[in-house]
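**Student:** What follows is data_4.cif, mmCIF, C-alpha atoms.
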```
data_run
#
loop_
_atom_site.group_PDB
_atom_site.id
_atom_site.type_symbol
_atom_site.label_atom_id
_atom_site.label_comp_id
_atom_site.auth_asym_id
_atom_site.auth_seq_id
_atom_site.Cartn_x
_atom_site.Cartn_y
_atom_site.Cartn_z
ATOM 1 C CA MET K 16 23.552 5.496 13.900
ATOM 2 C CA TYR K 17 23.597 2.780 16.555
ATOM 3 C CA PRO K 18 25.789 -0.351 16.263
ATOM 4 C CA PHE K 19 24.220 -3.407 14.639
ATOM 5 C CA SER K 20 25.321 -6.722 13.163
ATOM 6 C CA PHE K 21 24.822 -7.697 9.531
ATOM 7 C CA THR K 22 24.402 -11.105 7.953
ATOM 8 C CA LYS K 23 23.633 -12.211 4.402
ATOM 9 C CA VAL K 24 21.643 -15.355 3.650
ATOM 10 C CA SER K 25 21.302 -17.347 0.436
ATOM 11 C CA ASP K 26 18.260 -19.521 1.180
ATOM 12 C CA THR K 27 14.951 -19.227 3.002
ATOM 13 C CA ARG K 28 16.034 -21.676 5.721
ATOM 14 C CA GLY K 29 18.876 -19.392 6.733
ATOM 15 C CA ALA K 30 16.624 -16.351 6.533
ATOM 16 C CA LEU K 31 13.973 -17.881 8.774
ATOM 17 C CA ALA K 32 16.554 -19.003 11.328
ATOM 18 C CA ALA K 33 17.972 -15.486 11.519
ATOM 19 C CA GLY K 34 14.503 -13.936 11.613
ATOM 20 C CA LYS K 35 13.451 -16.245 14.429
ATOM 21 C CA ARG K 36 16.412 -14.964 16.449
ATOM 22 C CA GLY K 37 15.122 -11.410 16.015
ATOM 23 C CA GLY K 38 16.922 -10.301 12.855
ATOM 24 C CA ARG K 39 15.273 -7.679 10.631
ATOM 25 C CA TYR K 40 15.001 -8.527 6.965
ATOM 26 C CA ILE K 41 16.422 -6.040 4.464
ATOM 27 C CA ALA K 42 16.635 -6.098 0.661
ATOM 28 C CA GLY K 43 16.638 -2.752 -1.183
ATOM 29 C CA GLY K 44 16.847 -0.895 2.117
ATOM 30 C CA THR K 45 15.220 2.238 0.727
ATOM 31 C CA THR K 46 13.057 2.717 3.839
ATOM 32 C CA LEU K 47 14.791 0.925 6.687
ATOM 33 C CA VAL K 48 18.195 2.521 6.140
ATOM 34 C CA ASP K 49 16.620 5.995 6.244
ATOM 35 C CA LEU K 50 14.834 5.174 9.491
ATOM 36 C CA MET K 51 18.063 3.871 11.003
ATOM 37 C CA ARG K 52 19.879 7.063 10.074
ATOM 38 C CA GLU K 53 17.155 9.057 11.791
ATOM 39 C CA THR K 54 17.333 6.662 14.819
ATOM 40 C CA VAL K 55 13.626 5.904 14.446
ATOM 41 C CA GLU K 56 14.540 2.237 13.947
ATOM 42 C CA ARG K 57 17.353 0.603 15.933
ATOM 43 C CA PRO K 58 17.579 -3.065 14.893
ATOM 44 C CA ASP K 59 20.284 -5.142 16.514
ATOM 45 C CA THR K 60 20.687 -7.410 13.479
ATOM 46 C CA LEU K 61 20.025 -6.927 9.772
ATOM 47 C CA VAL K 62 19.457 -9.977 7.577
ATOM 48 C CA ASP K 63 20.154 -9.341 3.893
ATOM 49 C CA ILE K 64 17.677 -11.453 1.899
ATOM 50 C CA SER K 65 18.415 -9.972 -1.529
ATOM 51 C CA ASP K 66 19.840 -13.284 -2.839
ATOM 52 C CA LEU K 67 16.715 -15.322 -2.089
ATOM 53 C CA PRO K 68 14.920 -16.820 -5.123
ATOM 54 C CA LEU K 69 11.841 -14.599 -4.865
ATOM 55 C CA ARG K 70 12.256 -12.596 -8.072
ATOM 56 C CA ASP K 71 9.701 -14.135 -10.450
ATOM 57 C CA VAL K 72 6.446 -12.819 -11.881
ATOM 58 C CA THR K 73 4.264 -15.789 -12.871
ATOM 59 C CA VAL K 74 0.743 -16.496 -14.058
ATOM 60 C CA THR K 75 -1.114 -18.774 -11.640
ATOM 61 C CA GLU K 76 -3.061 -21.882 -12.655
ATOM 62 C CA ARG K 77 -6.324 -19.966 -12.316
ATOM 63 C CA GLY K 78 -5.113 -17.038 -14.388
ATOM 64 C CA GLY K 79 -4.061 -14.689 -11.632
ATOM 65 C CA LEU K 80 -0.654 -13.118 -11.173
ATOM 66 C CA ARG K 81 1.975 -13.888 -8.542
ATOM 67 C CA ILE K 82 4.705 -11.290 -7.954
ATOM 68 C CA GLY K 83 7.738 -12.390 -5.938
ATOM 69 C CA ALA K 84 8.563 -10.310 -2.874
ATOM 70 C CA LEU K 85 12.029 -9.425 -4.194
ATOM 71 C CA VAL K 86 10.892 -8.253 -7.627
ATOM 72 C CA ARG K 87 12.036 -4.651 -7.960
ATOM 73 C CA MET K 88 9.341 -2.043 -8.350
ATOM 74 C CA ALA K 89 10.700 -1.038 -11.747
ATOM 75 C CA GLU K 90 10.793 -4.669 -12.897
ATOM 76 C CA ALA K 91 7.203 -5.306 -11.842
ATOM 77 C CA ALA K 92 5.966 -2.111 -13.489
ATOM 78 C CA ALA K 93 7.653 -3.001 -16.787
ATOM 79 C CA HIS K 94 6.701 -6.682 -16.834
ATOM 80 C CA PRO K 95 4.489 -7.429 -19.898
ATOM 81 C CA LYS K 96 1.991 -9.522 -17.911
ATOM 82 C CA VAL K 97 1.583 -6.832 -15.261
ATOM 83 C CA ARG K 98 1.230 -4.040 -17.819
ATOM 84 C CA THR K 99 -1.345 -5.823 -19.961
ATOM 85 C CA THR K 100 -3.305 -7.704 -17.306
ATOM 86 C CA TYR K 101 -3.384 -5.164 -14.468
ATOM 87 C CA PRO K 102 -2.388 -1.679 -15.692
ATOM 88 C CA VAL K 103 -3.478 -0.288 -12.323
ATOM 89 C CA VAL K 104 -0.477 -2.018 -10.725
ATOM 90 C CA SER K 105 2.003 -0.727 -13.304
ATOM 91 C CA GLN K 106 0.649 2.802 -13.053
ATOM 92 C CA ALA K 107 0.736 2.785 -9.241
ATOM 93 C CA LEU K 108 4.352 1.615 -9.290
ATOM 94 C CA GLU K 109 5.426 4.170 -11.884
ATOM 95 C CA LEU K 110 3.847 6.971 -9.851
ATOM 96 C CA SER K 111 5.753 5.834 -6.756
ATOM 97 C CA ALA K 112 9.088 7.340 -5.784
ATOM 98 C CA SER K 113 11.913 8.277 -8.147
ATOM 99 C CA ALA K 114 13.366 6.086 -10.885
ATOM 100 C CA GLN K 115 16.445 5.421 -8.760
ATOM 101 C CA LEU K 116 14.358 4.203 -5.838
ATOM 102 C CA ARG K 117 12.124 2.069 -8.063
ATOM 103 C CA ASN K 118 15.254 0.348 -9.358
ATOM 104 C CA MET K 119 16.237 -0.594 -5.791
ATOM 105 C CA ALA K 120 13.026 -1.044 -3.810
ATOM 106 C CA THR K 121 11.212 -4.395 -3.781
ATOM 107 C CA ILE K 122 7.520 -5.259 -3.798
ATOM 108 C CA GLY K 123 7.763 -6.832 -0.339
ATOM 109 C CA GLY K 124 9.608 -3.845 1.064
ATOM 110 C CA ASN K 125 7.164 -1.414 -0.513
ATOM 111 C CA ILE K 126 4.116 -2.825 1.242
ATOM 112 C CA MET K 127 6.101 -3.005 4.492
ATOM 113 C CA GLN K 128 7.243 0.625 4.385
ATOM 114 C CA ARG K 129 6.355 2.777 7.354
ATOM 115 C CA THR K 130 4.482 6.056 7.390
ATOM 116 C CA ARG K 131 5.964 9.340 6.211
ATOM 117 C CA CYS K 132 4.302 11.202 9.108
ATOM 118 C CA THR K 133 6.789 13.894 10.137
ATOM 119 C CA TYR K 134 6.024 13.366 13.820
ATOM 120 C CA PHE K 135 6.814 9.636 13.508
ATOM 121 C CA ARG K 136 10.184 10.518 11.964
ATOM 122 C CA ASP K 137 10.975 13.232 14.512
ATOM 123 C CA VAL K 138 12.253 11.345 17.559
ATOM 124 C CA THR K 139 11.626 14.400 19.760
ATOM 125 C CA ALA K 140 7.861 14.357 18.994
ATOM 126 C CA ALA K 141 5.196 12.267 20.698
ATOM 127 C CA CYS K 142 4.244 9.272 18.529
ATOM 128 C CA ASN K 143 2.357 6.175 19.644
ATOM 129 C CA LYS K 144 3.487 4.326 16.529
ATOM 130 C CA ARG K 145 7.149 4.856 17.400
ATOM 131 C CA GLU K 146 6.831 4.857 21.211
ATOM 132 C CA PRO K 147 3.550 3.339 22.470
ATOM 133 C CA GLY K 148 1.824 5.448 25.109
ATOM 134 C CA SER K 149 3.670 8.677 24.307
ATOM 135 C CA GLY K 150 0.731 10.335 22.516
ATOM 136 C CA CYS K 151 0.090 11.567 18.983
ATOM 137 C CA ALA K 152 1.501 14.994 18.155
ATOM 138 C CA ALA K 153 -0.304 15.019 14.802
ATOM 139 C CA LEU K 154 -3.741 15.262 16.415
ATOM 140 C CA GLN K 155 -3.120 18.846 17.514
ATOM 141 C CA GLY K 156 -0.232 19.570 15.153
ATOM 142 C CA PHE K 157 -0.028 20.304 11.449
ATOM 143 C CA ASN K 158 -2.068 17.439 10.034
ATOM 144 C CA ARG K 159 -2.784 18.451 6.431
ATOM 145 C CA THR K 160 -1.381 15.229 4.949
ATOM 146 C CA HIS K 161 -2.800 12.882 7.555
ATOM 147 C CA ALA K 162 -5.575 10.306 7.366
ATOM 148 C CA ILE K 163 -9.313 10.913 7.494
ATOM 149 C CA LEU K 164 -10.331 7.228 7.296
ATOM 150 C CA GLY K 165 -9.467 4.417 9.685
ATOM 151 C CA THR K 166 -8.057 6.755 12.288
ATOM 152 C CA SER K 167 -8.135 6.407 16.065
ATOM 153 C CA ASP K 168 -7.430 8.603 19.073
ATOM 154 C CA ASP K 169 -3.924 7.109 19.076
ATOM 155 C CA CYS K 170 -2.842 7.556 15.452
ATOM 156 C CA VAL K 171 -3.836 9.397 12.268
ATOM 157 C CA ALA K 172 -0.840 8.539 10.065
ATOM 158 C CA THR K 173 -1.418 7.438 6.478
ATOM 159 C CA HIS K 174 0.067 4.383 4.812
ATOM 160 C CA PRO K 175 2.319 5.754 2.035
ATOM 161 C CA SER K 176 2.399 2.938 -0.531
ATOM 162 C CA ASP K 177 0.788 3.469 -3.940
ATOM 163 C CA VAL K 178 0.938 -0.105 -5.173
ATOM 164 C CA ALA K 179 -0.637 -1.276 -1.910
ATOM 165 C CA VAL K 180 -3.756 0.653 -2.950
ATOM 166 C CA ALA K 181 -3.866 -1.273 -6.234
ATOM 167 C CA PHE K 182 -3.342 -4.571 -4.389
ATOM 168 C CA ALA K 183 -6.160 -3.731 -1.981
ATOM 169 C CA ALA K 184 -8.516 -2.858 -4.822
ATOM 170 C CA LEU K 185 -7.763 -6.134 -6.620
ATOM 171 C CA ASP K 186 -8.270 -8.295 -3.490
ATOM 172 C CA ALA K 187 -4.673 -9.530 -3.558
ATOM 173 C CA ARG K 188 -3.225 -11.956 -1.026
ATOM 174 C CA VAL K 189 0.156 -11.835 0.714
ATOM 175 C CA HIS K 190 2.052 -15.137 0.853
ATOM 176 C CA LEU K 191 4.164 -15.672 3.962
ATOM 177 C CA LEU K 192 6.741 -18.213 5.077
ATOM 178 C CA GLY K 193 7.633 -18.602 8.728
ATOM 179 C CA PRO K 194 8.947 -21.037 11.325
ATOM 180 C CA ASP K 195 5.484 -22.665 11.392
ATOM 181 C CA GLY K 196 5.252 -23.043 7.615
ATOM 182 C CA GLU K 197 3.450 -21.233 4.811
ATOM 183 C CA ARG K 198 0.248 -19.225 4.938
ATOM 184 C CA SER K 199 -1.488 -16.531 2.912
ATOM 185 C CA VAL K 200 -3.373 -13.496 4.170
ATOM 186 C CA PRO K 201 -5.896 -11.311 2.316
ATOM 187 C CA PHE K 202 -4.252 -7.981 1.595
ATOM 188 C CA ALA K 203 -7.111 -6.229 3.383
ATOM 189 C CA ASP K 204 -6.108 -8.082 6.576
ATOM 190 C CA PHE K 205 -2.328 -7.860 6.181
ATOM 191 C CA LEU K 206 -2.026 -4.156 7.024
ATOM 192 C CA LEU K 207 -3.624 -3.219 10.342
ATOM 193 C CA LYS K 208 -5.580 -0.108 11.265
ATOM 194 C CA PRO K 209 -4.007 1.607 14.285
ATOM 195 C CA GLY K 210 -6.749 1.244 16.903
ATOM 196 C CA SER K 211 -5.084 1.379 20.309
ATOM 197 C CA THR K 212 -1.905 -0.370 19.073
ATOM 198 C CA PRO K 213 -0.567 1.743 16.172
ATOM 199 C CA ASN K 214 2.912 0.286 16.693
ATOM 200 C CA ARG K 215 1.597 -3.037 15.317
ATOM 201 C CA GLU K 216 1.284 -2.435 11.582
ATOM 202 C CA GLN K 217 1.072 -5.891 9.953
ATOM 203 C CA THR K 218 -0.190 -9.371 10.782
ATOM 204 C CA LEU K 219 3.327 -10.778 10.486
ATOM 205 C CA ARG K 220 4.411 -13.282 13.102
ATOM 206 C CA LYS K 221 7.940 -13.359 14.492
ATOM 207 C CA GLY K 222 10.429 -14.415 11.854
ATOM 208 C CA GLU K 223 7.908 -14.526 9.002
ATOM 209 C CA LEU K 224 9.045 -13.600 5.541
ATOM 210 C CA ILE K 225 6.942 -12.216 2.679
ATOM 211 C CA THR K 226 7.449 -14.468 -0.343
ATOM 212 C CA ALA K 227 4.948 -13.061 -2.860
ATOM 213 C CA VAL K 228 1.857 -11.000 -3.511
ATOM 214 C CA GLU K 229 -0.799 -12.792 -5.550
ATOM 215 C CA ILE K 230 -3.555 -11.072 -7.499
ATOM 216 C CA PRO K 231 -6.494 -13.404 -8.180
ATOM 217 C CA ALA K 232 -7.990 -13.832 -11.630
ATOM 218 C CA HIS K 233 -10.737 -11.340 -12.434
ATOM 219 C CA PRO K 234 -13.436 -11.533 -15.116
ATOM 220 C CA ARG K 235 -12.447 -10.217 -18.522
ATOM 221 C CA PRO K 236 -12.488 -7.720 -20.060
ATOM 222 C CA LEU K 237 -11.114 -5.745 -17.125
ATOM 223 C CA LYS K 238 -10.167 -2.099 -17.434
ATOM 224 C CA SER K 239 -8.105 -0.601 -14.651
ATOM 225 C CA GLY K 240 -6.035 2.431 -13.732
ATOM 226 C CA TYR K 241 -4.506 4.471 -10.935
ATOM 227 C CA LEU K 242 -4.860 8.206 -10.380
ATOM 228 C CA LYS K 243 -2.690 10.062 -7.870
ATOM 229 C CA VAL K 244 -3.213 13.639 -6.660
ATOM 230 C CA ARG K 245 -0.214 15.279 -5.014
ATOM 231 C CA ASP K 246 1.256 18.684 -4.303
ATOM 232 C CA ARG K 247 3.776 18.369 -7.128
ATOM 233 C CA GLN K 248 4.103 16.080 -10.131
ATOM 234 C CA SER K 249 7.644 15.020 -9.316
ATOM 235 C CA TYR K 250 8.393 12.494 -6.564
ATOM 236 C CA GLU K 251 5.766 13.093 -3.863
ATOM 237 C CA PHE K 252 3.336 11.129 -1.705
ATOM 238 C CA ALA K 253 -0.395 11.201 -2.391
ATOM 239 C CA LEU K 254 -2.885 13.635 -0.934
ATOM 240 C CA THR K 255 -5.468 11.292 -2.399
ATOM 241 C CA SER K 256 -5.380 8.501 -4.949
ATOM 242 C CA ALA K 257 -7.807 6.054 -6.523
ATOM 243 C CA ALA K 258 -7.266 2.545 -7.884
ATOM 244 C CA VAL K 259 -10.190 1.457 -10.070
ATOM 245 C CA ALA K 260 -10.854 -1.820 -11.913
ATOM 246 C CA LEU K 261 -14.124 -2.361 -13.784
ATOM 247 C CA HIS K 262 -15.533 -5.394 -15.591
ATOM 248 C CA ILE K 263 -18.120 -4.108 -18.061
ATOM 249 C CA ARG K 264 -19.980 -6.570 -20.268
ATOM 250 C CA GLY K 265 -22.957 -5.857 -22.465
ATOM 251 C CA GLY K 266 -22.842 -2.220 -21.451
ATOM 252 C CA VAL K 267 -23.400 -3.088 -17.762
ATOM 253 C CA ILE K 268 -20.909 -2.974 -14.874
ATOM 254 C CA ARG K 269 -20.610 -6.566 -13.650
ATOM 255 C CA GLU K 270 -17.744 -6.074 -11.183
ATOM 256 C CA ALA K 271 -16.117 -3.039 -9.577
ATOM 257 C CA LYS K 272 -12.944 -2.995 -7.472
ATOM 258 C CA ILE K 273 -12.012 0.357 -5.947
ATOM 259 C CA ALA K 274 -9.621 1.538 -3.249
ATOM 260 C CA ALA K 275 -8.188 4.877 -2.163
ATOM 261 C CA GLY K 276 -4.777 5.988 -0.956
ATOM 262 C CA GLY K 277 -3.434 9.044 0.828
ATOM 263 C CA VAL K 278 -6.552 9.282 2.987
ATOM 264 C CA GLY K 279 -6.492 6.137 5.121
ATOM 265 C CA THR K 280 -4.317 4.663 7.831
ATOM 266 C CA VAL K 281 -4.221 1.664 5.471
ATOM 267 C CA PRO K 282 -5.090 1.416 1.765
ATOM 268 C CA TRP K 283 -8.816 2.034 1.929
ATOM 269 C CA LYS K 284 -11.337 -0.186 0.136
ATOM 270 C CA LEU K 285 -14.508 1.609 -0.960
ATOM 271 C CA PRO K 286 -17.289 -1.023 -0.825
ATOM 272 C CA ALA K 287 -20.094 1.549 -0.822
ATOM 273 C CA VAL K 288 -18.813 2.942 -4.120
ATOM 274 C CA GLU K 289 -18.466 -0.576 -5.550
ATOM 275 C CA ARG K 290 -22.008 -1.571 -4.569
ATOM 276 C CA HIS K 291 -23.471 1.546 -6.163
ATOM 277 C CA LEU K 292 -21.909 0.647 -9.520
ATOM 278 C CA ILE K 293 -22.792 -3.051 -9.846
ATOM 279 C CA GLY K 294 -25.556 -3.707 -12.360
ATOM 280 C CA GLU K 295 -25.583 -0.134 -13.672
ATOM 281 C CA ARG K 296 -24.712 1.356 -17.052
ATOM 282 C CA PRO K 297 -21.730 3.727 -17.158
ATOM 283 C CA SER K 298 -22.634 7.406 -17.214
ATOM 284 C CA LYS K 299 -21.331 10.692 -15.884
ATOM 285 C CA ALA K 300 -24.250 10.816 -13.459
ATOM 286 C CA LEU K 301 -23.462 7.324 -12.154
ATOM 287 C CA TRP K 302 -19.789 8.149 -11.561
ATOM 288 C CA ALA K 303 -20.721 11.275 -9.611
ATOM 289 C CA GLN K 304 -23.344 9.462 -7.515
ATOM 290 C CA ALA K 305 -20.966 6.601 -6.671
ATOM 291 C CA ALA K 306 -18.094 8.950 -5.814
ATOM 292 C CA GLU K 307 -20.257 10.736 -3.255
ATOM 293 C CA ARG K 308 -19.899 7.611 -1.108
ATOM 294 C CA ALA K 309 -16.096 7.568 -1.219
ATOM 295 C CA ALA K 310 -15.614 9.517 2.012
ATOM 296 C CA ASP K 311 -18.215 7.668 4.079
ATOM 297 C CA GLY K 312 -17.053 7.519 7.703
ATOM 298 C CA ALA K 313 -14.359 10.165 7.274
ATOM 299 C CA ARG K 314 -13.049 11.950 10.375
ATOM 300 C CA PRO K 315 -11.209 15.024 9.093
ATOM 301 C CA LEU K 316 -8.806 16.975 11.274
ATOM 302 C CA GLU K 317 -8.267 20.723 11.484
ATOM 303 C CA HIS K 318 -5.979 21.058 8.473
ATOM 304 C CA ASN K 319 -7.171 18.245 6.187
ATOM 305 C CA ARG K 320 -10.895 18.871 5.882
ATOM 306 C CA PHE K 321 -10.360 19.366 2.147
ATOM 307 C CA LYS K 322 -9.412 15.718 1.732
ATOM 308 C CA ALA K 323 -12.961 14.348 1.828
ATOM 309 C CA GLU K 324 -14.059 16.454 -1.124
ATOM 310 C CA LEU K 325 -10.768 15.872 -2.944
ATOM 311 C CA LEU K 326 -11.197 12.126 -2.509
ATOM 312 C CA LYS K 327 -14.671 12.236 -4.048
ATOM 313 C CA ARG K 328 -13.398 14.210 -7.026
ATOM 314 C CA THR K 329 -10.424 11.871 -7.481
ATOM 315 C CA VAL K 330 -12.612 8.752 -7.447
ATOM 316 C CA GLU K 331 -15.117 10.326 -9.845
ATOM 317 C CA ARG K 332 -12.356 11.379 -12.232
ATOM 318 C CA GLN K 333 -10.788 7.927 -12.272
ATOM 319 C CA LEU K 334 -14.159 6.234 -12.774
ATOM 320 C CA ARG K 335 -14.671 8.428 -15.826
ATOM 321 C CA ILE K 336 -11.209 7.598 -17.172
ATOM 322 C CA VAL K 337 -11.487 3.831 -16.665
ATOM 323 C CA GLY K 338 -15.200 3.425 -17.349
ATOM 324 C CA GLY K 339 -15.559 5.943 -20.150
ATOM 325 C CA THR K 340 -17.366 9.296 -20.476
ATOM 326 C CA ALA K 341 -14.194 11.093 -19.353
#
```
For this file, write the structure as structure tokens.
**Tutor:**
Amino acid sequence: MYPFSFTKVSDTRGALAAGKRGGRYIAGGTTLVDLMRETVERPDTLVDISDLPLRDVTVTERGGLRIGALVRMAEAAAHPKVRTTYPVVSQALELSASAQLRNMATIGGNIMQRTRCTYFRDVTAACNKREPGSGCAALQGFNRTHAILGTSDDCVATHPSDVAVAFAALDARVHLLGPDGERSVPFADFLLKPGSTPNREQTLRKGELITAVEIPAHPRPLKSGYLKVRDRQSYEFALTSAAVALHIRGGVIREAKIAAGGVGTVPWKLPAVERHLIGERPSKALWAQAAERAADGARPLEHNRFKAELLKRTVERQLRIVGGTA
């Protein structure tokens, strides 16, 4: 591990001042510390923000839900409002990581976590995300777990977060505080597809701090859930996953919010699937027809061609579970 300085702050003013000077924010440290050990990340200064007052889960004036950036994953998953209002969020969190990690890791840190691509974490391998211009070893390497959606010639790494898939499906917003004040960004715009600059992963500006993730109010009743397919049932990252939320009234689907994980360079919204469902009555045939559109635009690699079909099956299965006829 390389030398670095460490400072702890107790208010957002101190955090922003340290961040503006180039300090890296750290709370639970469940990702960043690992990357430092592996010398993938070499920050000069760590800024411990774990004492900042960003630990609340609150209902917004319009009936949405605001989750503070420093709420632990386990706390968010167990919170009564999260469990009853948006089960998809609780389920995604509970299917993420081990219990020990969920007790340490924060919501803000979770959506900021970096890819689990083995080539990114192997400092001897070519990786444009880690070292721009060096190439992408995954393109010609073993790429079974890599992305088939949102890829580029420079990067095919997946985003590993489960709860980010639920946030994307629910059209959440990320609240930020920086030297220039507050702003909020749609979750779909917060995480960036790699393009030709895979090293730039979020829309964060220098020194900005995530303060909360806000889920807007959705029509009721709203049924939702998260399904994760992985190589083993214990702690493992997704091969594919599906976050589904459906508003069904009078036997007709009025609103559909769907996103996929494990297959995209970012949590992947599925608008073609959503459009196919709106105005229709739930049925096994409808779920199958809509799921056929889940892999639109996919660019499979040599070892992950199975992912397109697996994604369709995962989306169809979760539509049946959430919408009925399972």
**Student:** Need the neighbours of (7.3, -13.3, 3.3): which residues are at most 6 Å away, counting only C-alpha atoms, as a PyMOL selection string?
**Tutor:** chain K and resi 191-192+223-226
**Student:** Check the smallest atom-to-atom distance from each of K:Leu67, K:Val189, K:Ala33, K:Ala112 to K:Phe252 using only C-alpha atoms, then report the winner.
**Tutor:**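 Ranked by minimum distance to K:Phe252, first place goes to K:Ala112.
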**Student:** Record the distance separating atom CA of K:Leu261 and atom CA of K:Arg198, expressed in Å with one decimal.
**Tutor:**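 These atoms are spaced 29.0 Å apart.
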**Student:** Can you pull out every residue within 10 Å of K:Leu47, counting only C-alpha atoms, but drop anything in the same chain fewer than 2 positions away, and send it as a ChimeraX atom specification?
**Tutor:** /K:39-45,49-53,55-58,61,124,127-129
**Student:** Could you name the residues that touch K:Ala181 at 8 Å or less, counting all atoms listed in the file, but leaving out those on the same chain fewer than 6 positions away, as a list of chain:residue names?
**Tutor:**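 Near neighbours after the sequence-gap exclusion: K:Val103, K:Val104, K:Ala107, K:Tyr241, K:Ala258, K:Val259, K:Ala274.
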**Student:** Looking at K:Arg296, K:Arg159, K:Arg81, K:His262, which one is nearest to K:Val278, with distances taken over all atoms listed in the file?
**Tutor:**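 Ranking K:Arg296, K:Arg159, K:Arg81, K:His262 by distance to K:Val278, first place goes to K:Arg159.
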**Student:** Determine the residue set returned by the PyMOL selection byres ((chain K and resi 122) around 10) for the present structure, and present it as an MDAnalysis selection string.
**Tutor:** chainID K and resid 43 70 82:91 108 117 120:121 123:127 178:179 225:228
**Student:** Using Å and a single decimal, report how far atom CA of K:Thr22 sits from atom CA of K:Val62.
**Tutor:**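 Straight-line distance from atom CA of K:Val62 to atom CA of K:Thr22 works out to 5.1 Å.
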**Student:** As a check of understanding, name the residues that the PyMOL selection byres ((chain K and resi 293) around 9) selects in the supplied structure, as a PyMOL selection string.
**Tutor:** chain K and resi 267-271+289-292+294-296
